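Only one structure is covered here, and it is reproduced in the block below.
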Amino acid sequence: MFTVNSFDCSLYDKKNDAILACNAKEAAIAYLTHFEENAERGEGLYLHSHTKGSGKTRLAISIGNAIMASYGKDVKFVRCLDLLSKVKESYREDSEYSEYQILEEICHIPVLILDEIGVGNASDSDNKILTRIIENRGTNKKITILTSNCDIDELPYDERVISKLKEQARRIKMPEESVRDKVAEQRDRDFGKQVSLLE
């Protein structure tokens, strides 16, 4: 299971990226330490960098795991594009779920990890769906943790969505270095050790 403590800053070769990674890890620990106060305010996190594979999703999931383990909150992880597609599919007559059912769950889950927000071009429909979700969660002080390949101001959504996100989420700058391959290699090495112990 991914944990914040096991988020490895030494994977980053560039000095500035290693510093950003350590700062992000410290920010995550501080957020979790004061989680109950943050939850009362409905204050979430926005992890961002322009580089894919820089550790945004990994750290977000680790934070979610810690919230479940330490505070007993239900956490849901969903990729933004998948969520938007699911809502749009609900408009079909043969859809298994209604838009209301999907948004009811998304808007009321105590902690939502919304991964890769801002990918692709946003349609009017995307703006409307995200506005409803962000506004509803904010009104009900539900925690939203988001990851993105752009800063909040660069998101391809209307000002209403951007303004709400600024109110509801603290920004954490992540490194601009991809460590995805290194993480995969480390996982394979760890798995190899496990296998050798069984032989």
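Labels for the structure tokens follow display order: chains A, B, ..., residues from 1 in each chain, ligands from 1.
Residues in contact with A:Asn149 at up to 9 Å, not including ones fewer than 6 positions away on its chain and judged by only C-alpha atoms, are Leu47, His48, Ser49, His50, Thr51, Lys52, Lys56, Glu116, Ile117, Gly118 and Val119 of chain A.
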May I have the residues from that selection written out with N, CA and C atoms, as an mmCIF file, in the first residue's frame?
data_model
loop_
_atom_site.group_PDB
_atom_site.id
_atom_site.type_symbol
_atom_site.label_atom_id
_atom_site.label_comp_id
_atom_site.auth_asym_id
_atom_site.auth_seq_id
_atom_site.Cartn_x
_atom_site.Cartn_y
_atom_site.Cartn_z
ATOM 1 N N LEU A 47 -2.485 18.990 -6.341
ATOM 2 C CA LEU A 47 -1.107 18.623 -6.658
ATOM 3 C C LEU A 47 -0.878 18.804 -8.152
ATOM 4 N N HIS A 48 0.120 19.614 -8.514
ATOM 5 C CA HIS A 48 0.279 19.927 -9.940
ATOM 6 C C HIS A 48 1.739 20.014 -10.378
ATOM 7 N N SER A 49 1.960 19.579 -11.600
ATOM 8 C CA SER A 49 3.206 19.821 -12.342
ATOM 9 C C SER A 49 2.887 19.519 -13.796
ATOM 10 N N HIS A 50 3.687 20.059 -14.699
ATOM 11 C CA HIS A 50 3.413 19.865 -16.123
ATOM 12 C C HIS A 50 3.874 18.494 -16.619
ATOM 13 N N THR A 51 4.663 17.800 -15.817
ATOM 14 C CA THR A 51 5.286 16.545 -16.248
ATOM 15 C C THR A 51 4.493 15.326 -15.805
ATOM 16 N N LYS A 52 4.220 14.440 -16.749
ATOM 17 C CA LYS A 52 3.554 13.178 -16.411
ATOM 18 C C LYS A 52 4.550 12.272 -15.693
ATOM 19 N N LYS A 56 2.538 12.814 -8.759
ATOM 20 C CA LYS A 56 1.311 13.465 -8.288
ATOM 21 C C LYS A 56 0.267 12.447 -7.826
ATOM 22 N N GLU A 116 -6.006 13.834 -12.636
ATOM 23 C CA GLU A 116 -5.774 14.358 -13.992
ATOM 24 C C GLU A 116 -6.876 15.316 -14.448
ATOM 25 N N ILE A 117 -7.253 16.239 -13.586
ATOM 26 C CA ILE A 117 -8.210 17.258 -13.990
ATOM 27 C C ILE A 117 -7.521 18.206 -14.976
ATOM 28 N N GLY A 118 -8.255 18.595 -16.002
ATOM 29 C CA GLY A 118 -7.706 19.527 -16.984
ATOM 30 C C GLY A 118 -7.140 18.881 -18.233
ATOM 31 N N VAL A 119 -7.208 17.542 -18.335
ATOM 32 C CA VAL A 119 -6.712 16.850 -19.530
ATOM 33 C C VAL A 119 -7.709 17.040 -20.669
#
For stretch 161-178 of chain A, please output as JSON, numbers by chain all residues within 8 Å (counting only C-alpha atoms; exclusion window: fewer than 3 positions along the same chain).
{"A": [12, 14, 16, 17, 18, 20, 21, 24, 27, 42, 43, 44, 45, 46, 47, 48, 49, 50, 51, 52, 53, 54, 55, 56, 127, 130, 131, 134, 135, 138, 144, 145, 152, 153, 155, 157, 158, 181]}
Selection from above, N, CA, C and O atoms, as a compact mmCIF listing (two decimals), in the first residue's frame, can you write it?
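Wrote it out as result.txt, contents follow:
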# COMPACT_ATOMS: atom_id res chain seq x y z
N TYR A 12 14.46 11.44 -7.39
CA TYR A 12 14.59 12.59 -8.30
C TYR A 12 16.07 12.97 -8.43
O TYR A 12 16.74 13.24 -7.43
N LYS A 14 17.42 15.58 -10.30
CA LYS A 14 17.69 17.02 -10.30
C LYS A 14 17.45 17.60 -8.91
O LYS A 14 16.44 17.30 -8.27
N ASN A 16 16.62 20.57 -7.76
CA ASN A 16 15.41 21.36 -7.55
C ASN A 16 14.18 20.46 -7.45
O ASN A 16 13.28 20.70 -6.64
N ASP A 17 14.16 19.40 -8.28
CA ASP A 17 13.02 18.48 -8.23
C ASP A 17 13.01 17.68 -6.93
O ASP A 17 11.94 17.41 -6.38
N ALA A 18 14.18 17.31 -6.44
CA ALA A 18 14.26 16.59 -5.16
C ALA A 18 13.75 17.49 -4.03
O ALA A 18 13.04 17.02 -3.13
N LEU A 20 11.55 20.00 -4.39
CA LEU A 20 10.10 20.10 -4.57
C LEU A 20 9.40 18.85 -4.04
O LEU A 20 8.34 18.94 -3.41
N ALA A 21 9.99 17.68 -4.31
CA ALA A 21 9.40 16.42 -3.84
C ALA A 21 9.37 16.38 -2.31
O ALA A 21 8.35 15.99 -1.72
N ALA A 24 6.76 18.77 -1.05
CA ALA A 24 5.42 18.22 -1.26
C ALA A 24 5.11 17.17 -0.19
O ALA A 24 3.99 17.12 0.36
N ALA A 27 4.43 18.91 3.04
CA ALA A 27 3.10 19.54 2.98
C ALA A 27 2.00 18.50 3.20
O ALA A 27 1.01 18.76 3.89
N GLY A 42 -13.45 22.01 4.95
CA GLY A 42 -13.64 21.44 3.61
C GLY A 42 -12.47 21.75 2.70
O GLY A 42 -12.63 21.89 1.49
N GLU A 43 -11.29 21.84 3.27
CA GLU A 43 -10.10 22.25 2.52
C GLU A 43 -9.34 21.05 1.99
O GLU A 43 -8.89 20.19 2.75
N GLY A 44 -9.21 20.97 0.67
CA GLY A 44 -8.50 19.87 0.04
C GLY A 44 -7.13 20.27 -0.48
O GLY A 44 -6.54 21.25 -0.02
N LEU A 45 -6.64 19.51 -1.46
CA LEU A 45 -5.31 19.75 -2.02
C LEU A 45 -5.36 19.72 -3.54
O LEU A 45 -6.21 19.04 -4.13
N TYR A 46 -4.42 20.44 -4.15
CA TYR A 46 -4.29 20.46 -5.61
C TYR A 46 -2.82 20.23 -5.93
O TYR A 46 -1.99 21.11 -5.76
N LEU A 47 -2.49 18.99 -6.34
CA LEU A 47 -1.11 18.62 -6.66
C LEU A 47 -0.88 18.80 -8.15
O LEU A 47 -1.59 18.20 -8.96
N HIS A 48 0.12 19.61 -8.51
CA HIS A 48 0.28 19.93 -9.94
C HIS A 48 1.74 20.01 -10.38
O HIS A 48 2.62 20.41 -9.61
N SER A 49 1.96 19.58 -11.60
CA SER A 49 3.21 19.82 -12.34
C SER A 49 2.89 19.52 -13.80
O SER A 49 1.92 18.82 -14.09
N HIS A 50 3.69 20.06 -14.70
CA HIS A 50 3.41 19.87 -16.12
C HIS A 50 3.87 18.49 -16.62
O HIS A 50 3.53 18.09 -17.72
N THR A 51 4.66 17.80 -15.82
CA THR A 51 5.29 16.54 -16.25
C THR A 51 4.49 15.33 -15.81
O THR A 51 4.15 15.19 -14.63
N LYS A 52 4.22 14.44 -16.75
CA LYS A 52 3.55 13.18 -16.41
C LYS A 52 4.55 12.27 -15.69
O LYS A 52 5.74 12.28 -15.99
N GLY A 53 4.04 11.47 -14.75
CA GLY A 53 4.90 10.52 -14.04
C GLY A 53 5.76 11.14 -12.97
O GLY A 53 6.74 10.54 -12.52
N SER A 54 5.39 12.36 -12.51
CA SER A 54 6.23 13.05 -11.53
C SER A 54 5.89 12.72 -10.09
O SER A 54 6.53 13.22 -9.17
N GLY A 55 4.87 11.88 -9.88
CA GLY A 55 4.54 11.46 -8.52
C GLY A 55 3.26 12.05 -7.96
O GLY A 55 2.91 11.80 -6.80
N LYS A 56 2.54 12.81 -8.76
CA LYS A 56 1.31 13.46 -8.29
C LYS A 56 0.27 12.45 -7.83
O LYS A 56 -0.25 12.53 -6.70
N ASN A 127 -17.74 21.76 -18.29
CA ASN A 127 -17.77 22.89 -17.36
C ASN A 127 -18.96 22.79 -16.41
O ASN A 127 -18.84 23.01 -15.21
N LEU A 130 -18.46 19.78 -13.89
CA LEU A 130 -17.45 20.06 -12.87
C LEU A 130 -17.89 21.18 -11.94
O LEU A 130 -17.61 21.15 -10.74
N THR A 131 -18.59 22.17 -12.48
CA THR A 131 -19.09 23.26 -11.63
C THR A 131 -20.04 22.70 -10.57
O THR A 131 -19.95 23.05 -9.39
N ILE A 134 -17.85 20.60 -7.97
CA ILE A 134 -16.99 21.43 -7.13
C ILE A 134 -17.82 22.30 -6.19
O ILE A 134 -17.52 22.41 -4.99
N GLU A 135 -18.88 22.92 -6.71
CA GLU A 135 -19.73 23.77 -5.88
C GLU A 135 -20.44 22.97 -4.79
O GLU A 135 -20.49 23.38 -3.63
N GLY A 138 -17.99 21.82 -2.15
CA GLY A 138 -17.58 22.96 -1.35
C GLY A 138 -18.64 23.37 -0.35
O GLY A 138 -18.35 23.62 0.83
N THR A 144 -11.77 17.45 -1.34
CA THR A 144 -11.41 17.05 -2.71
C THR A 144 -9.90 17.21 -2.88
O THR A 144 -9.35 18.28 -2.62
N ILE A 145 -9.26 16.12 -3.28
CA ILE A 145 -7.83 16.13 -3.58
C ILE A 145 -7.70 15.95 -5.08
O ILE A 145 -8.21 14.97 -5.64
N ILE A 152 -3.79 25.73 -11.42
CA ILE A 152 -5.23 26.01 -11.43
C ILE A 152 -5.58 27.06 -12.48
O ILE A 152 -6.57 26.93 -13.22
N ASP A 153 -4.77 28.11 -12.57
CA ASP A 153 -5.05 29.20 -13.52
C ASP A 153 -4.96 28.76 -14.98
O ASP A 153 -5.45 29.45 -15.87
N LEU A 155 -6.11 25.78 -16.10
CA LEU A 155 -7.15 24.80 -16.40
C LEU A 155 -8.07 25.30 -17.52
O LEU A 155 -8.40 26.49 -17.56
N TYR A 157 -11.13 25.42 -17.99
CA TYR A 157 -12.51 25.54 -17.54
C TYR A 157 -12.86 27.01 -17.33
O TYR A 157 -11.98 27.88 -17.32
N ASP A 158 -14.14 27.27 -17.13
CA ASP A 158 -14.53 28.67 -16.95
C ASP A 158 -14.13 29.16 -15.56
O ASP A 158 -13.75 28.39 -14.67
N ASP A 181 9.37 5.40 -14.44
CA ASP A 181 10.18 4.23 -14.80
C ASP A 181 11.01 3.75 -13.62
O ASP A 181 11.15 2.54 -13.39
Looking at A:Asp124, A:Asp115, A:Glu89, A:Asp8, which one is nearest to A:Thr147, with distances taken over only C-alpha atoms?
A:Asp115
Would you pick out the contacts of stretch 30-35 of chain A at 9 Å or less, using only C-alpha atoms, so that residues sharing its chain but fewer than 6 positions from it are not included, and give the list as a PDB file with all heavy atoms, in the first residue's frame?
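Once everything was written out, this is part.pdb:
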ATOM      1  N   GLY A  44      -9.207  20.972   0.674  1.00  0.00           N
ATOM      2  CA  GLY A  44      -8.503  19.867   0.037  1.00  0.00           C
ATOM      3  C   GLY A  44      -7.135  20.274  -0.479  1.00  0.00           C
ATOM      4  O   GLY A  44      -6.544  21.249  -0.019  1.00  0.00           O
ATOM      5  N   LEU A  45      -6.638  19.511  -1.461  1.00  0.00           N
ATOM      6  CA  LEU A  45      -5.306  19.748  -2.017  1.00  0.00           C
ATOM      7  C   LEU A  45      -5.358  19.719  -3.539  1.00  0.00           C
ATOM      8  O   LEU A  45      -6.206  19.041  -4.127  1.00  0.00           O
ATOM      9  CB  LEU A  45      -4.334  18.665  -1.533  1.00  0.00           C
ATOM     10  CG  LEU A  45      -4.070  18.592  -0.025  1.00  0.00           C
ATOM     11  CD1 LEU A  45      -3.283  17.333   0.311  1.00  0.00           C
ATOM     12  CD2 LEU A  45      -3.321  19.831   0.453  1.00  0.00           C
ATOM     13  N   ILE A  63      -1.986   9.952   0.380  1.00  0.00           N
ATOM     14  CA  ILE A  63      -2.739  10.812   1.299  1.00  0.00           C
ATOM     15  C   ILE A  63      -4.108  10.196   1.564  1.00  0.00           C
ATOM     16  O   ILE A  63      -4.578  10.149   2.710  1.00  0.00           O
ATOM     17  CB  ILE A  63      -2.869  12.240   0.728  1.00  0.00           C
ATOM     18  CG1 ILE A  63      -1.483  12.909   0.648  1.00  0.00           C
ATOM     19  CG2 ILE A  63      -3.829  13.081   1.566  1.00  0.00           C
ATOM     20  CD1 ILE A  63      -1.447  14.182  -0.191  1.00  0.00           C
ATOM     21  N   ALA A  66      -3.833   7.317   3.937  1.00  0.00           N
ATOM     22  CA  ALA A  66      -3.614   7.778   5.319  1.00  0.00           C
ATOM     23  C   ALA A  66      -4.913   8.276   5.946  1.00  0.00           C
ATOM     24  O   ALA A  66      -5.172   8.040   7.136  1.00  0.00           O
ATOM     25  CB  ALA A  66      -2.561   8.887   5.338  1.00  0.00           C
ATOM     26  N   ILE A  67      -5.740   8.946   5.156  1.00  0.00           N
ATOM     27  CA  ILE A  67      -7.022   9.449   5.666  1.00  0.00           C
ATOM     28  C   ILE A  67      -7.928   8.278   6.049  1.00  0.00           C
ATOM     29  O   ILE A  67      -8.589   8.295   7.091  1.00  0.00           O
ATOM     30  CB  ILE A  67      -7.696  10.361   4.625  1.00  0.00           C
ATOM     31  CG1 ILE A  67      -6.891  11.663   4.467  1.00  0.00           C
ATOM     32  CG2 ILE A  67      -9.143  10.681   5.023  1.00  0.00           C
ATOM     33  CD1 ILE A  67      -7.327  12.527   3.291  1.00  0.00           C
ATOM     34  N   SER A  70      -6.124   6.493   9.271  1.00  0.00           N
ATOM     35  CA  SER A  70      -6.030   7.266  10.514  1.00  0.00           C
ATOM     36  C   SER A  70      -7.341   7.908  10.947  1.00  0.00           C
ATOM     37  O   SER A  70      -7.554   8.141  12.140  1.00  0.00           O
ATOM     38  CB  SER A  70      -4.963   8.363  10.371  1.00  0.00           C
ATOM     39  OG  SER A  70      -3.701   7.795  10.119  1.00  0.00           O
ATOM     40  N   TYR A  71      -8.202   8.216   9.973  1.00  0.00           N
ATOM     41  CA  TYR A  71      -9.421   8.959  10.312  1.00  0.00           C
ATOM     42  C   TYR A  71     -10.709   8.226   9.938  1.00  0.00           C
ATOM     43  O   TYR A  71     -11.805   8.720  10.211  1.00  0.00           O
ATOM     44  CB  TYR A  71      -9.389  10.341   9.652  1.00  0.00           C
ATOM     45  CG  TYR A  71      -8.219  11.169  10.126  1.00  0.00           C
ATOM     46  CD1 TYR A  71      -7.057  11.276   9.355  1.00  0.00           C
ATOM     47  CD2 TYR A  71      -8.254  11.823  11.350  1.00  0.00           C
ATOM     48  CE1 TYR A  71      -5.968  12.021   9.794  1.00  0.00           C
ATOM     49  CE2 TYR A  71      -7.174  12.574  11.799  1.00  0.00           C
ATOM     50  CZ  TYR A  71      -6.040  12.663  11.020  1.00  0.00           C
ATOM     51  OH  TYR A  71      -4.960  13.395  11.463  1.00  0.00           O
TER      52      TYR A  71
END
Quick one: residues within 8 Å of A:His108, only C-alpha atoms counted, chain neighbours fewer than 2 positions away excluded, as an NGL selection string?
:A and (104-106 or 110 or 137 or 140 or 142)
Leaving out A:Ile129 and any residue of its chain fewer than 2 positions from it, which residues lie within 12 Å of it when counting only C-alpha atoms, given as an MDAnalysis selection string?
chainID A and resid 80:81 83:88 99:100 102:103 106:107 122:127 131:136 157:158 160:161
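One distance worth recording is that between atom CA of A:Asn5 and atom CA of A:Lys141, which is 27.0 Å.
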